[in-house]
Amino acid sequence: MAKNLSIILLLLVVLMGSLGACSGGEGPEETSYTATKTNSDLSPSLPPLTTSPSPSKTPVDLASISLVDSLANGKPTLAEFGRGTCVPCKKMKPILEELAAEYDGQISVVIVEVQNHNDLTRKYSIQLIPTQIFFNSAGEEMERHVGLYQKDDIVPEFYKLGMLKNG
């Protein structure tokens, strides 16, 4: 009976941890759970829970790229100021990842998590999220947009601002 209760409690801990990892939208891709050993039959740890790898190339974590470094690299930059728990920001993430992959080497694409970068949020007077700012190759702001921004609208803006050249 005690063994069954220990197993049930362990399963509840794992289940609750899994639900918590899904609700925030932030945090590591891989989570490891360790149980406290209260019974000699209870395993001391569980293997890490991982998401299955996608068949395509794993996208770069755009939030791990420094805006300051991107603005200094001599390439035009599209920076989005947002937060991983914001619904429009979540919708923007795959769009930004696609743009980063398609225009790699031509344009830098970064995500600035506002809760982690208060200094940049103040510097660029971000009042609503998501806010996308287009910077030229000299790091000067050229244009900004607030709200969900579809890829079909962003790409023409790259050309209009001279961030990409036709042909």
# chains A, B, ... in the order shown; residues from 1 in each chain; ligands from 1
call {"tool": "residues_around", "arguments": {"residues": "region 98-112 of chain A", "least_positions_apart": "5", "cutoff": "8 Å", "atoms": "only C-alpha atoms", "output": "VMD selection string"}}
result
chain A and resid 59 62 to 67 70 75 to 83 117 151 163 to 164
call {"tool": "atom_distance", "arguments": {"atom1": "CA of Gly147 (chain A)", "atom2": "CA of Gln127 (chain A)"}}
result
11.2 Å
call {"tool": "closest_residue", "arguments": {"among": "A:Gly162, A:Pro88, A:Pro156, A:Pro94", "to": "Pro130 (chain A)", "atoms": "only C-alpha atoms"}}
result
A:Pro88
call {"tool": "closest_residue", "arguments": {"among": "A:Ile95, A:Glu157, A:Leu71, A:Asn118", "to": "Glu141 (chain A)", "atoms": "only C-alpha atoms"}}
result
A:Leu71
call {"tool": "closest_residue", "arguments": {"among": "A:Leu120, A:Ile129, A:Val60, A:Met142", "to": "Thr85 (chain A)", "atoms": "only C-alpha atoms"}}
result
A:Ile129
call {"tool": "select_by_dssp", "arguments": {"residues": "region 49-150 of chain A", "states": "alpha helix (DSSP H)", "output": "list in words"}}
result
Leu67, Val68, Asp69, Ser70, Leu71, Ala72, Val87, Pro88, Cys89, Lys90, Lys91, Met92, Lys93, Pro94, Ile95, Leu96, Glu97, Glu98, Leu99, Ala100, Ala101, Glu102, Asn118, Asp119, Leu120, Thr121, Arg122 and Lys123 of chain A
